[in-house]
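Peer 1: Okay, handing you the structure first.
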Amino acid sequence: VHSMDFDDTWHPATHPSGAVLPAVIALSEAFSQKKRISGLDLLLAFNVGIEVQGRLLHFSSEARNIPKRFHPPTVVGTMGSAAACAKLLALDQLKCKNALAVAASYAGAPLANAATQTKPLHVGNAAKHGLEAACLASLGVQGNRQILDMESGMGAFYSDYSPQSLPTLQSYPWLLDQQDVAIKRFPAHLGTHWVADAAASVRRKLVEHGSNLLPLDKIEKVVVKVPEVRYVNRPAPASEHEARHSFQFVACSALLDGGMSVASFAVENIHRAALRELLRKTRLEHPADNEPSFENLYCEVSVTLRDGCAFSGRCDTFYGHWRKPLRKEDLERKFQSNASQVLSAEAVEGIIETVYNLENVQDCSVLSAFLSGQSARALSEKLHL
């Protein structure tokens, strides 16, 4: 799910779905034919997993900024996966507490492995470990049932962790009712999406009327104003994963091409001569008012030509951010483009139809079947809408 850094992002910062959805789909497949899991069961468990992550993150002010120490999905994602699986398993309150206690001992991975092939493993392990924690709790394994309230529990991951009592179920406000997630248009660190939109706006000013060629030889320097986020400050990325975590790479690619896509991170594009030349002319600046928060950050890109002329562009909210969400047709287009690499068009459309009607699906194994590539005709008897 996280292999291309193409999954959804939330605020406070985490990738909420990747640690939960694979776990609940896998668990639903493990139930016998006598106990079918409905789409509504799956959807409720998924939302519980998302909600637990959000609540834990809201107990820390530190978590509201782009992280510095732990990769958030390895912390709250593990807990969310355990909560979602505990819900699907219908564990009682005591076993739910034990599931979260076990999961907390699986949680945490250092952010130092960002921009490497190891980072995607973080999200996969979060899904796996949460599922395992719930299964162990269902078998009677116990942990510290106060782990969510303790400095030496969840407080080990966030220095200012301060848990609070939650509202009663009757007045409980779901976090997803208050804020949507960000959906990426290209596979890279979310902070680079502000950069891409700002750089694309500069390119439109730079390119002469009727020409699509950037006047590369005329460019003196490129300045990118972003928050100070060290692991996304990569002036000369050498690999696909480093390029996905480079403010500079995305700024230069968007200037050269007018935008970003999956193809932007192909080896031949990462190492092209024009890009390397532009990277050498690029530097970052970190204005004091530019906070490292997905809620508040902005990006300004300015290009100065050798003749002294300067062009600039700014992005405060990129297209795909929760304040500016993707249109339905663009969201579907993204899914179709990705899924069609491994699935038939019939299976892709079957998934879309099933997801849109999930709360009415009587047996959610239809979703797993579509994901495995089975045809819609073979599944028609399972899809009761």
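Identifiers in this document derive from the order of the structure tokens: chains are assigned A, B, ..., residues are numbered from 1 separately in each chain, and ligands are numbered from 1 in order of occurrence.
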I'd like the neighbourhood of Ala198 (chain A) as a count of residues only, where a residue qualifies if any of its atoms comes within 10 Å (using only C-alpha atoms), though same-chain residues fewer than 6 positions away should be ignored.

Peer 2: 18

Peer 1: Using only C-alpha atoms, which residues sit within 12 Å of Ser32 (chain A) once same-chain residues fewer than 4 positions away are excluded, as a PyMOL selection string?

Peer 2: chain A and resi 27-28+36-37+363+365

Peer 1: Excluding region 338-355 of chain A and residues on its chain fewer than 4 positions from it, collect all residues at most 9 Å away from it, counting only C-alpha atoms, and give them as a list of chain:residue names.

Peer 2: A:Gly39, A:Glu332, A:Arg333, A:Lys334, A:Glu359, A:Asn360, A:Val361, A:Cys364, A:Val366, A:Leu367, A:Ser368, A:Ala369, A:Phe370, A:Leu371, A:Ser372, A:Gly373, A:Gln374, A:Ser375, A:Ala376, A:Leu383, A:Leu385

Peer 1: Once you have the residues from the selection above, write them out as a short mmCIF file (atom, residue, chain, number, x, y, z; two decimals), in the first residue's frame, restricted to N, CA and C atoms.

Peer 2:
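Done, and the output landed in out_29.cif:
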```cif
data_model
loop_
_atom_site.label_atom_id
_atom_site.label_comp_id
_atom_site.auth_asym_id
_atom_site.auth_seq_id
_atom_site.Cartn_x
_atom_site.Cartn_y
_atom_site.Cartn_z
N GLY A 39 -20.42 -5.87 4.19
CA GLY A 39 -19.70 -4.64 3.88
C GLY A 39 -19.80 -3.63 5.01
N GLU A 332 -11.47 8.58 -9.13
CA GLU A 332 -11.68 7.33 -9.86
C GLU A 332 -10.59 7.13 -10.91
N ARG A 333 -10.19 8.21 -11.58
CA ARG A 333 -9.16 8.10 -12.60
C ARG A 333 -7.83 7.63 -12.00
N LYS A 334 -7.52 8.14 -10.82
CA LYS A 334 -6.29 7.70 -10.15
C LYS A 334 -6.36 6.20 -9.85
N GLU A 359 -21.85 -0.41 2.20
CA GLU A 359 -22.73 -0.60 3.36
C GLU A 359 -23.93 -1.49 3.02
N ASN A 360 -24.19 -1.74 1.74
CA ASN A 360 -25.31 -2.58 1.33
C ASN A 360 -24.87 -3.97 0.86
N VAL A 361 -23.57 -4.23 0.85
CA VAL A 361 -23.05 -5.53 0.38
C VAL A 361 -23.18 -6.55 1.51
N CYS A 364 -18.75 -9.29 2.09
CA CYS A 364 -17.65 -8.47 1.59
C CYS A 364 -16.55 -9.29 0.94
N VAL A 366 -16.82 -10.41 -1.78
CA VAL A 366 -16.87 -9.96 -3.17
C VAL A 366 -15.75 -8.96 -3.45
N LEU A 367 -15.43 -8.13 -2.45
CA LEU A 367 -14.35 -7.15 -2.63
C LEU A 367 -13.01 -7.86 -2.77
N SER A 368 -12.76 -8.86 -1.92
CA SER A 368 -11.51 -9.62 -2.01
C SER A 368 -11.41 -10.34 -3.34
N ALA A 369 -12.54 -10.84 -3.81
CA ALA A 369 -12.53 -11.56 -5.08
C ALA A 369 -12.18 -10.63 -6.24
N PHE A 370 -12.77 -9.45 -6.25
CA PHE A 370 -12.41 -8.48 -7.28
C PHE A 370 -10.93 -8.11 -7.19
N LEU A 371 -10.44 -7.94 -5.97
CA LEU A 371 -9.03 -7.58 -5.78
C LEU A 371 -8.09 -8.69 -6.26
N SER A 372 -8.57 -9.92 -6.24
CA SER A 372 -7.76 -11.04 -6.74
C SER A 372 -7.92 -11.24 -8.23
N GLY A 373 -8.77 -10.40 -8.86
CA GLY A 373 -8.86 -10.43 -10.31
C GLY A 373 -10.00 -11.24 -10.87
N GLN A 374 -10.89 -11.78 -10.03
CA GLN A 374 -12.01 -12.56 -10.56
C GLN A 374 -12.98 -11.67 -11.32
N SER A 375 -13.69 -12.27 -12.26
CA SER A 375 -14.59 -11.49 -13.11
C SER A 375 -15.89 -11.16 -12.40
N ALA A 376 -16.51 -10.11 -12.83
CA ALA A 376 -17.78 -9.69 -12.23
C ALA A 376 -18.87 -10.73 -12.46
N LEU A 383 -23.03 -10.27 -4.92
CA LEU A 383 -23.19 -8.82 -4.80
C LEU A 383 -24.67 -8.46 -4.68
N LEU A 385 -27.07 -5.66 -3.70
CA LEU A 385 -27.11 -4.23 -3.43
C LEU A 385 -28.55 -3.79 -3.14
#
```

Peer 1: Out of A:Leu279, A:Leu100, A:Val123, A:Val229, which residue has the shortest atom-to-atom distance to Gly191 (chain A) when counting only C-alpha atoms?

Peer 2: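 That would be A:Val229, the residue with the smallest distance to Gly191 (chain A).
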
Peer 1: Could you tell me, as a PyMOL selection string, which residues of region 211-267 of chain A DSSP assigns to alpha helix (DSSP H) when given the backbone?

Peer 2: chain A and resi 240-243+247-257+267

Peer 1: Keeping only all heavy atoms, write the selected residues to a file as a short mmCIF file (atom, residue, chain, number, x, y, z; two decimals), in the first residue's frame.

Peer 2:
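The new file selection08.cif reads:
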```cif
data_model
loop_
_atom_site.label_atom_id
_atom_site.label_comp_id
_atom_site.auth_asym_id
_atom_site.auth_seq_id
_atom_site.Cartn_x
_atom_site.Cartn_y
_atom_site.Cartn_z
N GLU A 240 14.78 6.33 -6.61
CA GLU A 240 13.34 6.61 -6.67
C GLU A 240 12.82 7.05 -5.31
O GLU A 240 12.07 8.02 -5.21
CB GLU A 240 12.63 5.33 -7.12
CG GLU A 240 11.13 5.33 -6.93
CD GLU A 240 10.55 3.93 -7.01
OE1 GLU A 240 11.19 3.04 -7.61
OE2 GLU A 240 9.45 3.73 -6.47
N HIS A 241 13.22 6.34 -4.24
CA HIS A 241 12.69 6.66 -2.92
C HIS A 241 13.22 8.00 -2.41
O HIS A 241 12.50 8.74 -1.74
CB HIS A 241 13.03 5.53 -1.94
CG HIS A 241 12.28 4.26 -2.24
ND1 HIS A 241 10.97 4.08 -1.89
CD2 HIS A 241 12.66 3.13 -2.87
CE1 HIS A 241 10.56 2.89 -2.29
NE2 HIS A 241 11.58 2.29 -2.88
N GLU A 242 14.46 8.33 -2.73
CA GLU A 242 14.98 9.64 -2.35
C GLU A 242 14.29 10.75 -3.13
O GLU A 242 13.99 11.82 -2.58
CB GLU A 242 16.50 9.69 -2.59
CG GLU A 242 17.29 8.84 -1.60
CD GLU A 242 18.79 8.97 -1.80
OE1 GLU A 242 19.22 9.67 -2.75
OE2 GLU A 242 19.54 8.36 -1.01
N ALA A 243 13.99 10.50 -4.39
CA ALA A 243 13.30 11.52 -5.20
C ALA A 243 11.90 11.79 -4.67
O ALA A 243 11.42 12.93 -4.71
CB ALA A 243 13.23 11.05 -6.65
N PHE A 247 12.16 17.94 -1.80
CA PHE A 247 11.54 19.19 -2.23
C PHE A 247 12.16 19.64 -3.55
O PHE A 247 11.47 20.08 -4.47
CB PHE A 247 11.76 20.28 -1.18
CG PHE A 247 10.91 20.17 0.06
CD1 PHE A 247 11.48 20.32 1.31
CD2 PHE A 247 9.54 19.95 -0.02
CE1 PHE A 247 10.71 20.25 2.46
CE2 PHE A 247 8.76 19.88 1.12
CZ PHE A 247 9.35 20.03 2.38
N GLN A 248 13.50 19.55 -3.63
CA GLN A 248 14.22 20.06 -4.79
C GLN A 248 13.86 19.29 -6.06
O GLN A 248 13.64 19.89 -7.12
CB GLN A 248 15.74 19.98 -4.55
CG GLN A 248 16.24 20.85 -3.41
CD GLN A 248 16.31 20.13 -2.07
OE1 GLN A 248 15.49 19.26 -1.79
NE2 GLN A 248 17.30 20.49 -1.25
N PHE A 249 13.79 17.95 -5.94
CA PHE A 249 13.49 17.14 -7.12
C PHE A 249 12.12 17.48 -7.67
O PHE A 249 11.94 17.64 -8.89
CB PHE A 249 13.56 15.65 -6.77
CG PHE A 249 13.14 14.75 -7.90
CD1 PHE A 249 14.06 14.38 -8.87
CD2 PHE A 249 11.83 14.29 -8.01
CE1 PHE A 249 13.67 13.56 -9.94
CE2 PHE A 249 11.44 13.49 -9.07
CZ PHE A 249 12.37 13.12 -10.03
N VAL A 250 11.13 17.58 -6.81
CA VAL A 250 9.77 17.85 -7.28
C VAL A 250 9.67 19.25 -7.87
O VAL A 250 9.02 19.45 -8.90
CB VAL A 250 8.75 17.65 -6.13
CG1 VAL A 250 7.37 18.15 -6.54
CG2 VAL A 250 8.69 16.17 -5.75
N ALA A 251 10.34 20.23 -7.25
CA ALA A 251 10.31 21.58 -7.81
C ALA A 251 10.90 21.59 -9.22
O ALA A 251 10.29 22.16 -10.15
CB ALA A 251 11.11 22.53 -6.90
N CYS A 252 12.03 20.95 -9.40
CA CYS A 252 12.69 20.97 -10.71
C CYS A 252 11.93 20.14 -11.74
O CYS A 252 11.83 20.54 -12.91
CB CYS A 252 14.13 20.46 -10.57
SG CYS A 252 15.19 21.57 -9.61
N SER A 253 11.39 19.01 -11.33
CA SER A 253 10.62 18.19 -12.26
C SER A 253 9.37 18.92 -12.73
O SER A 253 9.03 18.90 -13.92
CB SER A 253 10.22 16.86 -11.59
OG SER A 253 11.35 16.07 -11.33
N ALA A 254 8.67 19.58 -11.79
CA ALA A 254 7.46 20.31 -12.17
C ALA A 254 7.79 21.51 -13.05
O ALA A 254 7.02 21.86 -13.95
CB ALA A 254 6.71 20.76 -10.92
N LEU A 255 8.94 22.15 -12.81
CA LEU A 255 9.36 23.25 -13.68
C LEU A 255 9.66 22.75 -15.09
O LEU A 255 9.29 23.39 -16.09
CB LEU A 255 10.60 23.93 -13.10
CG LEU A 255 10.37 24.89 -11.93
CD1 LEU A 255 11.71 25.31 -11.33
CD2 LEU A 255 9.59 26.12 -12.38
N LEU A 256 10.31 21.61 -15.19
CA LEU A 256 10.67 21.07 -16.50
C LEU A 256 9.45 20.54 -17.27
O LEU A 256 9.33 20.74 -18.48
CB LEU A 256 11.70 19.95 -16.35
CG LEU A 256 13.13 20.37 -16.01
CD1 LEU A 256 13.96 19.14 -15.69
CD2 LEU A 256 13.75 21.14 -17.16
N ASP A 257 8.55 19.86 -16.54
CA ASP A 257 7.49 19.11 -17.20
C ASP A 257 6.11 19.75 -17.07
O ASP A 257 5.16 19.31 -17.73
CB ASP A 257 7.42 17.69 -16.64
CG ASP A 257 8.75 16.96 -16.76
OD1 ASP A 257 9.48 17.23 -17.73
OD2 ASP A 257 9.06 16.13 -15.88
N VAL A 267 13.59 5.85 -13.37
CA VAL A 267 15.05 6.04 -13.30
C VAL A 267 15.53 7.00 -14.37
O VAL A 267 16.36 7.89 -14.11
CB VAL A 267 15.77 4.68 -13.41
CG1 VAL A 267 17.28 4.89 -13.51
CG2 VAL A 267 15.45 3.79 -12.22
#
```

Peer 1: Quick one: residues within 10 Å of region 88-98 of chain A, only C-alpha atoms, excluding same-chain residues fewer than 5 positions away - as a count of residues only?

Peer 2: 32

Peer 1: Quick one: residues within 6 Å of region 65-80 of chain A, only C-alpha atoms, excluding same-chain residues fewer than 2 positions away - as a short mmCIF file (atom, residue, chain, number, x, y, z; two decimals) with all heavy atoms, in the first residue's frame?

Peer 2:
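Saved the output as around05.cif:
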```cif
data_model
loop_
_atom_site.label_atom_id
_atom_site.label_comp_id
_atom_site.auth_asym_id
_atom_site.auth_seq_id
_atom_site.Cartn_x
_atom_site.Cartn_y
_atom_site.Cartn_z
N THR A 14 -0.26 11.30 9.56
CA THR A 14 -0.08 9.86 9.41
C THR A 14 -0.73 9.43 8.10
O THR A 14 -1.45 10.21 7.47
CB THR A 14 -0.69 9.07 10.59
OG1 THR A 14 -0.18 7.73 10.56
CG2 THR A 14 -2.22 9.04 10.53
N HIS A 15 -0.45 8.19 7.70
CA HIS A 15 -1.13 7.57 6.55
C HIS A 15 -2.17 6.63 7.15
O HIS A 15 -1.85 5.51 7.56
CB HIS A 15 -0.13 6.80 5.69
CG HIS A 15 0.97 7.65 5.15
ND1 HIS A 15 0.78 8.55 4.12
CD2 HIS A 15 2.28 7.75 5.50
CE1 HIS A 15 1.92 9.18 3.86
NE2 HIS A 15 2.84 8.71 4.69
N ALA A 19 -2.54 1.08 7.11
CA ALA A 19 -2.30 0.17 8.22
C ALA A 19 -3.55 -0.59 8.62
O ALA A 19 -3.47 -1.57 9.37
CB ALA A 19 -1.76 0.94 9.43
N GLY A 49 -10.69 1.78 13.18
CA GLY A 49 -9.24 1.82 13.07
C GLY A 49 -8.71 3.20 12.73
O GLY A 49 -7.66 3.62 13.25
N VAL A 52 -9.31 5.58 15.99
CA VAL A 52 -8.34 5.37 17.08
C VAL A 52 -7.03 6.08 16.76
O VAL A 52 -6.42 6.72 17.64
CB VAL A 52 -8.13 3.86 17.32
CG1 VAL A 52 -6.88 3.61 18.15
CG2 VAL A 52 -9.35 3.27 18.01
N GLN A 53 -6.58 6.01 15.52
CA GLN A 53 -5.35 6.70 15.14
C GLN A 53 -5.48 8.21 15.36
O GLN A 53 -4.60 8.86 15.93
CB GLN A 53 -5.03 6.44 13.67
CG GLN A 53 -4.70 4.99 13.36
CD GLN A 53 -4.43 4.80 11.89
OE1 GLN A 53 -3.41 5.25 11.36
NE2 GLN A 53 -5.34 4.12 11.20
N GLU A 62 2.87 17.77 19.52
CA GLU A 62 4.01 17.40 18.68
C GLU A 62 3.56 16.66 17.42
O GLU A 62 4.13 16.83 16.34
CB GLU A 62 4.96 16.51 19.51
CG GLU A 62 6.15 15.98 18.76
CD GLU A 62 6.94 14.97 19.59
OE1 GLU A 62 6.97 15.11 20.83
OE2 GLU A 62 7.52 14.04 19.01
N ALA A 63 2.52 15.86 17.56
CA ALA A 63 2.03 15.06 16.43
C ALA A 63 1.39 15.92 15.34
O ALA A 63 1.17 15.43 14.23
CB ALA A 63 1.03 14.02 16.93
N ALA A 82 -4.97 -2.83 15.25
CA ALA A 82 -5.42 -3.69 16.35
C ALA A 82 -6.87 -3.39 16.73
O ALA A 82 -7.67 -4.31 16.96
CB ALA A 82 -4.50 -3.50 17.56
N ALA A 83 -7.21 -2.10 16.80
CA ALA A 83 -8.58 -1.72 17.15
C ALA A 83 -9.58 -2.19 16.11
O ALA A 83 -10.66 -2.70 16.44
CB ALA A 83 -8.66 -0.21 17.32
N LEU A 100 -4.87 -3.62 22.35
CA LEU A 100 -4.13 -2.36 22.21
C LEU A 100 -2.83 -2.41 23.00
O LEU A 100 -1.81 -1.85 22.57
CB LEU A 100 -5.01 -1.20 22.67
CG LEU A 100 -6.22 -0.91 21.78
CD1 LEU A 100 -7.11 0.16 22.40
CD2 LEU A 100 -5.80 -0.49 20.38
N ALA A 103 -0.44 -4.43 20.97
CA ALA A 103 -0.05 -3.65 19.78
C ALA A 103 0.97 -2.58 20.12
O ALA A 103 1.89 -2.31 19.33
CB ALA A 103 -1.29 -3.02 19.15
N ALA A 107 4.75 -1.32 18.36
CA ALA A 107 4.70 -0.02 17.68
C ALA A 107 6.05 0.68 17.65
O ALA A 107 6.92 0.45 18.50
CB ALA A 107 3.67 0.89 18.38
N GLY A 108 6.22 1.55 16.64
CA GLY A 108 7.37 2.44 16.58
C GLY A 108 8.45 2.00 15.62
O GLY A 108 8.93 0.87 15.67
N ALA A 109 8.83 2.90 14.71
CA ALA A 109 9.97 2.69 13.81
C ALA A 109 10.57 4.06 13.54
O ALA A 109 9.85 5.05 13.38
CB ALA A 109 9.54 2.03 12.50
N PRO A 110 11.90 4.15 13.49
CA PRO A 110 12.55 5.46 13.34
C PRO A 110 12.34 6.06 11.96
O PRO A 110 12.34 5.35 10.95
CB PRO A 110 14.03 5.14 13.60
CG PRO A 110 14.17 3.70 13.23
CD PRO A 110 12.87 3.06 13.60
N LEU A 111 12.22 7.37 11.94
CA LEU A 111 12.01 8.08 10.68
C LEU A 111 13.27 8.08 9.81
O LEU A 111 13.21 8.44 8.64
CB LEU A 111 11.57 9.51 10.98
CG LEU A 111 10.85 10.25 9.85
CD1 LEU A 111 9.58 9.52 9.43
CD2 LEU A 111 10.50 11.67 10.28
N HIS A 122 7.15 -0.23 6.99
CA HIS A 122 6.57 0.29 8.21
C HIS A 122 5.05 0.11 8.21
O HIS A 122 4.46 -0.31 9.21
CB HIS A 122 6.89 1.78 8.36
CG HIS A 122 8.34 2.07 8.60
ND1 HIS A 122 8.84 3.35 8.64
CD2 HIS A 122 9.40 1.25 8.83
CE1 HIS A 122 10.13 3.31 8.88
NE2 HIS A 122 10.49 2.05 8.98
N VAL A 123 4.42 0.47 7.10
CA VAL A 123 2.96 0.41 7.04
C VAL A 123 2.49 -1.04 6.97
O VAL A 123 1.50 -1.43 7.60
CB VAL A 123 2.43 1.23 5.84
CG1 VAL A 123 0.92 1.14 5.76
CG2 VAL A 123 2.85 2.69 5.99
N ALA A 126 2.73 -2.44 10.40
CA ALA A 126 1.68 -1.91 11.26
C ALA A 126 0.38 -2.70 11.07
O ALA A 126 -0.29 -3.07 12.05
CB ALA A 126 1.44 -0.43 10.97
N GLY A 130 -0.89 -5.21 14.12
CA GLY A 130 -2.19 -4.94 14.73
C GLY A 130 -3.10 -6.15 14.66
O GLY A 130 -3.78 -6.48 15.64
N PRO A 292 6.00 23.53 9.85
CA PRO A 292 6.06 22.17 9.31
C PRO A 292 4.80 21.38 9.65
O PRO A 292 4.84 20.36 10.36
CB PRO A 292 7.29 21.59 10.00
CG PRO A 292 7.34 22.30 11.31
CD PRO A 292 6.84 23.69 11.05
N SER A 293 3.67 21.85 9.18
CA SER A 293 2.37 21.24 9.47
C SER A 293 1.58 21.12 8.18
O SER A 293 1.48 22.09 7.42
CB SER A 293 1.61 22.10 10.49
OG SER A 293 0.24 21.76 10.51
#
```

Peer 1: I'd like to know which of A:Ser201, A:Asn125, A:Ser162, A:Gln117 is closest to Gly258 (chain A), using only C-alpha atoms.

Peer 2: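 Distance minimum relative to Gly258 (chain A) lands on A:Ser201.
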
Peer 1: Counting only C-alpha atoms, what is within 10 Å of Glu151 (chain A), bar same-chain residues fewer than 3 positions away, as JSON, numbers by chain?

Peer 2: {"A": [147, 148, 154, 155, 156, 157, 158, 159, 160, 161, 162, 163]}

Peer 1: Could you pull the residues within 8 Å of Leu190 (chain A), counting only C-alpha atoms, minus those fewer than 3 positions along the same chain, as JSON, numbers by chain?

Peer 2: {"A": [9, 184, 193, 194, 294]}

Peer 1: Nearest to Asp149 (chain A): which of A:Val223, A:Leu40, A:Met260, A:Leu56 is it, counting only C-alpha atoms?

Peer 2: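 The shortest atom-to-atom distance to Asp149 (chain A) comes from A:Leu56.
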
Peer 1: Which residue gives the smallest distance to Ile183 (chain A) among A:Asp217, A:Glu29, A:Asp330, A:Glu208, with only C-alpha atoms counted?

Peer 2: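 For Ile183 (chain A), the nearest of the candidates is A:Asp330.
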
Peer 1: Hey, which of A:Leu169, A:Val195, A:Ala101, A:Leu213 ends up closest to Glu132 (chain A)? Count only C-alpha atoms.

Peer 2: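 Answer, going by the shortest atom-to-atom distance: A:Ala101.
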
Peer 1: In Å, with one decimal, what is the gap from CA of Pro287 (chain A) to CA of Leu326 (chain A)?

Peer 2: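 Between CA of Pro287 (chain A) and CA of Leu326 (chain A) the gap works out to 28.7 Å.
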